[in-house]
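**Student:** Take a look at this one; I'll ask things after.
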Amino acid sequence: MYGNAYVENTGNQNSLTAGEDPVKLAEFEARIAAGEKIEPQDWMPKEYRRQLIRMIEQHAHSEIIGALPEGTWITRAPGFRRKLALMAKVQDEVGHAQLLYSACETLGKSREDMINDLINGKSKYSNIFNYPAETWADSAVIAWLVDAGAIINQLTNSKGSYGPYCRALDRICAEESFHLKYGHDNVVFLATGTPKQRQMVQEAMNRWWTPLMHFFGPSDKISQHTETLMKWKVKMASNDDMRQQFLDMYVPKIWDLGLTVPDANLKKNEETGKWEYTEPDWEEFKRVINGDGPCNKERLAVRRMAEEKGRWVRNTILKKDAHYVAPLA
Amino acid sequence: MIIKSLDPRITRAGLDDESKDGIQQPMDQWFTYEVFQQKKRGTHHVHVGSLHAPDSELAILFAKEQYARRGQCVNLWVVKTADVFATEYEDEDIFATTPEKKYREPEVYKVMDRIQAYKAKQNS
């Protein structure tokens, strides 16, 4: 589960290639333009490596932190079948983090450094997981719609240029289809249930709408244009394009259940084929991603506890003569 | 401050939001193995990715969890990444077939041409 990378403002586009060998850069760009993948041992521009590390690492952290709001509901899942299914989904998310951490390590950042940057608050993760899952219906809306958004983003990114990341995403996307079906099943069950169940799922929808609109990142109007990153196939689609795709695929399904979305201006413009909506509050997005959200502190505290309490086990089984080399691919 | 959560288990854990717990030391996450999966009998094992483990037995266990959780597997191999000796992409040209080694390709053997010529000569 992951939203779009929060691409930082890199200033002048030329600075991305400053100091690079022009011959090697041209070969590298020609390889990407021809649709070939870049492998870890290949030459690559410093900024390509840096941006990919930041992006894959954010994605890995999002998977592992994303397991927390849903994991909260495992002990209180309504019924044994749902408990088992939710456990399987949460295990998938943690497994996705493992795949992504490995892909990122091929670029030269160790797993220990990534975990430290997460628990120190230096690295970001998908902002949506800084919001609480207040009821069971929230976990249903997350499993359906957050995973739906993640699939759109991950399928797009799986066409990118970095081999290990694309291969990890292919495996991840295959597992996400279960999450989407599972989430949809849970939302449909509530939406077609008693008036109280319908009310629960509607309230969850109201709570999650703004975070879902934030999910794909700031509007293209205020986001730095990233032509070089597009050319390098690091960034594969604009935030607004992915948001449009999400609205187009899922708003009709939400309305079909007789549920509403808390935005009176949301409608499809039949002439342009584009969805019109109230721009979500991007100040809130910035505030929450920078640490001031309802659950930021809790998420990191839980992650620190997991690392701390697991340490003695990891140390006990570590062989004295063990040494680390980066994974191959 | 102690974290108060909607999840009673987290509230009970009494976590301090200022804590510096959990900071990793080098080798805290062990080292890496490469994973090879055979999807069904009769096919090759194929490299599917890597993982962290402290020894081969746990590497197999983690490989099963990370790479073979949805069926589609009959056998797994794990190999320490450090034990893999690999070529460099820079040297890709070592795999190119050069024109002077065409004798290794089946299509350079044109026996039918010679047979036809022989037959034509016999019949003339």
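In the structure tokens, chains take letters A, B, ... by order of appearance, with residues numbered from 1 within each chain and ligands from 1 in the order shown.
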Residues within 12 Å of Gln41 of chain A, please, as JSON, numbers by chain. Count only C-alpha atoms; anything in the same chain fewer than 2 positions from it doesn't count.

**Tutor:** {"A": [37, 38, 39, 43, 44, 49, 106, 107, 108, 162, 163, 164, 326, 327, 328, 329], "B": [86, 87, 88, 89, 90, 91, 92]}

**Student:** Could you find all residues in segment 155-264 of chain A that DSSP calls alpha helix (DSSP H) from the backbone, and write them as a count of residues only?

**Tutor:** 75

**Student:** So that I can check the secondary structure, give me every residue of chain B assigned strand (DSSP E or B) by backbone DSSP, as a PDB file with N, CA and C atoms, in the first residue's frame.

**Tutor:**
```
ATOM      1  N   ILE B   2       3.652   9.601  27.221  1.00  0.00           N
ATOM      2  CA  ILE B   2       3.258   8.213  26.959  1.00  0.00           C
ATOM      3  C   ILE B   2       2.135   8.212  25.910  1.00  0.00           C
ATOM      4  N   ASP B  16       6.981   5.604  25.174  1.00  0.00           N
ATOM      5  CA  ASP B  16       7.373   7.007  25.315  1.00  0.00           C
ATOM      6  C   ASP B  16       7.662   7.574  23.926  1.00  0.00           C
ATOM      7  N   PHE B  31      22.695 -10.711   7.233  1.00  0.00           N
ATOM      8  CA  PHE B  31      23.260 -10.496   5.895  1.00  0.00           C
ATOM      9  C   PHE B  31      22.316 -11.102   4.862  1.00  0.00           C
ATOM     10  N   THR B  32      22.679 -11.053   3.582  1.00  0.00           N
ATOM     11  CA  THR B  32      21.667 -11.399   2.582  1.00  0.00           C
ATOM     12  C   THR B  32      21.941 -12.730   1.869  1.00  0.00           C
ATOM     13  N   TYR B  33      20.844 -13.331   1.495  1.00  0.00           N
ATOM     14  CA  TYR B  33      20.816 -14.536   0.664  1.00  0.00           C
ATOM     15  C   TYR B  33      20.061 -14.226  -0.621  1.00  0.00           C
ATOM     16  N   GLU B  34      20.435 -14.910  -1.694  1.00  0.00           N
ATOM     17  CA  GLU B  34      19.668 -14.847  -2.947  1.00  0.00           C
ATOM     18  C   GLU B  34      18.756 -16.070  -2.981  1.00  0.00           C
ATOM     19  N   VAL B  35      17.538 -15.879  -3.476  1.00  0.00           N
ATOM     20  CA  VAL B  35      16.518 -16.941  -3.444  1.00  0.00           C
ATOM     21  C   VAL B  35      16.208 -17.425  -4.857  1.00  0.00           C
ATOM     22  N   PHE B  36      16.191 -18.745  -5.020  1.00  0.00           N
ATOM     23  CA  PHE B  36      15.856 -19.370  -6.304  1.00  0.00           C
ATOM     24  C   PHE B  36      14.641 -20.262  -6.098  1.00  0.00           C
ATOM     25  N   GLN B  37      13.637 -20.072  -6.928  1.00  0.00           N
ATOM     26  CA  GLN B  37      12.373 -20.780  -6.764  1.00  0.00           C
ATOM     27  C   GLN B  37      12.105 -21.658  -7.993  1.00  0.00           C
ATOM     28  N   GLN B  38      11.668 -22.891  -7.740  1.00  0.00           N
ATOM     29  CA  GLN B  38      11.213 -23.753  -8.836  1.00  0.00           C
ATOM     30  C   GLN B  38       9.693 -23.793  -8.759  1.00  0.00           C
ATOM     31  N   VAL B  46      14.506 -20.445 -10.647  1.00  0.00           N
ATOM     32  CA  VAL B  46      14.694 -19.091 -11.166  1.00  0.00           C
ATOM     33  C   VAL B  46      14.935 -18.137  -9.998  1.00  0.00           C
ATOM     34  N   HIS B  47      15.874 -17.210 -10.187  1.00  0.00           N
ATOM     35  CA  HIS B  47      16.150 -16.220  -9.142  1.00  0.00           C
ATOM     36  C   HIS B  47      14.939 -15.312  -8.969  1.00  0.00           C
ATOM     37  N   VAL B  48      14.464 -15.165  -7.723  1.00  0.00           N
ATOM     38  CA  VAL B  48      13.278 -14.331  -7.499  1.00  0.00           C
ATOM     39  C   VAL B  48      13.549 -13.120  -6.602  1.00  0.00           C
ATOM     40  N   GLY B  49      14.739 -13.055  -5.982  1.00  0.00           N
ATOM     41  CA  GLY B  49      15.011 -11.895  -5.142  1.00  0.00           C
ATOM     42  C   GLY B  49      15.953 -12.275  -4.010  1.00  0.00           C
ATOM     43  N   SER B  50      16.024 -11.409  -3.009  1.00  0.00           N
ATOM     44  CA  SER B  50      16.949 -11.654  -1.911  1.00  0.00           C
ATOM     45  C   SER B  50      16.233 -11.481  -0.585  1.00  0.00           C
ATOM     46  N   LEU B  51      16.896 -11.837   0.487  1.00  0.00           N
ATOM     47  CA  LEU B  51      16.337 -11.633   1.823  1.00  0.00           C
ATOM     48  C   LEU B  51      17.461 -11.589   2.851  1.00  0.00           C
ATOM     49  N   HIS B  52      17.116 -11.180   4.065  1.00  0.00           N
ATOM     50  CA  HIS B  52      18.081 -11.141   5.163  1.00  0.00           C
ATOM     51  C   HIS B  52      17.862 -12.324   6.085  1.00  0.00           C
ATOM     52  N   ALA B  53      18.939 -12.993   6.477  1.00  0.00           N
ATOM     53  CA  ALA B  53      18.816 -14.113   7.409  1.00  0.00           C
ATOM     54  C   ALA B  53      20.159 -14.323   8.097  1.00  0.00           C
ATOM     55  N   ARG B  69       4.321 -17.811  -0.778  1.00  0.00           N
ATOM     56  CA  ARG B  69       3.160 -17.822   0.112  1.00  0.00           C
ATOM     57  C   ARG B  69       1.845 -18.046  -0.646  1.00  0.00           C
ATOM     58  N   GLY B  71       1.264 -20.592  -3.138  1.00  0.00           N
ATOM     59  CA  GLY B  71       1.416 -21.787  -3.964  1.00  0.00           C
ATOM     60  C   GLY B  71       2.491 -21.547  -5.004  1.00  0.00           C
ATOM     61  N   ASN B  75      10.005 -26.126  -4.878  1.00  0.00           N
ATOM     62  CA  ASN B  75      11.351 -26.256  -4.318  1.00  0.00           C
ATOM     63  C   ASN B  75      12.022 -24.891  -4.239  1.00  0.00           C
ATOM     64  N   LEU B  76      12.833 -24.706  -3.188  1.00  0.00           N
ATOM     65  CA  LEU B  76      13.548 -23.424  -3.021  1.00  0.00           C
ATOM     66  C   LEU B  76      15.028 -23.680  -2.793  1.00  0.00           C
ATOM     67  N   TRP B  77      15.860 -22.809  -3.338  1.00  0.00           N
ATOM     68  CA  TRP B  77      17.281 -22.790  -2.991  1.00  0.00           C
ATOM     69  C   TRP B  77      17.587 -21.412  -2.394  1.00  0.00           C
ATOM     70  N   VAL B  78      18.465 -21.371  -1.412  1.00  0.00           N
ATOM     71  CA  VAL B  78      19.011 -20.087  -0.972  1.00  0.00           C
ATOM     72  C   VAL B  78      20.536 -20.165  -1.032  1.00  0.00           C
ATOM     73  N   VAL B  79      21.151 -19.065  -1.456  1.00  0.00           N
ATOM     74  CA  VAL B  79      22.606 -19.006  -1.585  1.00  0.00           C
ATOM     75  C   VAL B  79      23.059 -17.681  -0.981  1.00  0.00           C
ATOM     76  N   LYS B  80      24.099 -17.713  -0.162  1.00  0.00           N
ATOM     77  CA  LYS B  80      24.622 -16.453   0.381  1.00  0.00           C
ATOM     78  C   LYS B  80      25.026 -15.536  -0.774  1.00  0.00           C
TER      79      LYS B  80
END
```

**Student:** Can you check which residues of chain A have any atom within 9 Å of chain B? Use only C-alpha atoms and format it as a ChimeraX atom specification.

**Tutor:** /A:39,41-43,72-73,92,95-96,98-99,102-103,110-113,115-116,119-120,132-134,164,167-168,171,175,295,297-298,300-311,314-315,317-319,322-329

**Student:** Env of segment 277-288 of chain A: 10 Å cut, atoms = only C-alpha atoms, seq-sep filter 2 positions within chain, self excluded. Answer as a PyMOL selection string.

**Tutor:** chain A and resi 127-128+130-131+209-215+217-219+222+247+262-268+274-275+290-296

**Student:** If we count only C-alpha atoms, what is near segment 152-159 of chain A at a cut-off of 6 Å, once residues fewer than 5 positions away on the same chain are taken out, given as a PyMOL selection string?

**Tutor:** chain A and resi 166+169+236

**Student:** Can I get the selection written as a PDB file, in the first residue's frame, with N, CA and C atoms?

**Tutor:**
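Generated file (result-v3.pdb):
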```
ATOM      1  N   CYS A 166      11.180  -2.666 -10.316  1.00  0.00           N
ATOM      2  CA  CYS A 166      10.098  -3.171 -11.180  1.00  0.00           C
ATOM      3  C   CYS A 166       9.756  -4.612 -10.828  1.00  0.00           C
ATOM      4  N   LEU A 169       7.833  -4.760  -7.642  1.00  0.00           N
ATOM      5  CA  LEU A 169       6.460  -4.273  -7.827  1.00  0.00           C
ATOM      6  C   LEU A 169       5.584  -5.303  -8.532  1.00  0.00           C
ATOM      7  N   MET A 236       6.630   8.064 -13.179  1.00  0.00           N
ATOM      8  CA  MET A 236       6.010   7.551 -14.401  1.00  0.00           C
ATOM      9  C   MET A 236       4.717   8.257 -14.785  1.00  0.00           C
TER      10      MET A 236
END
```
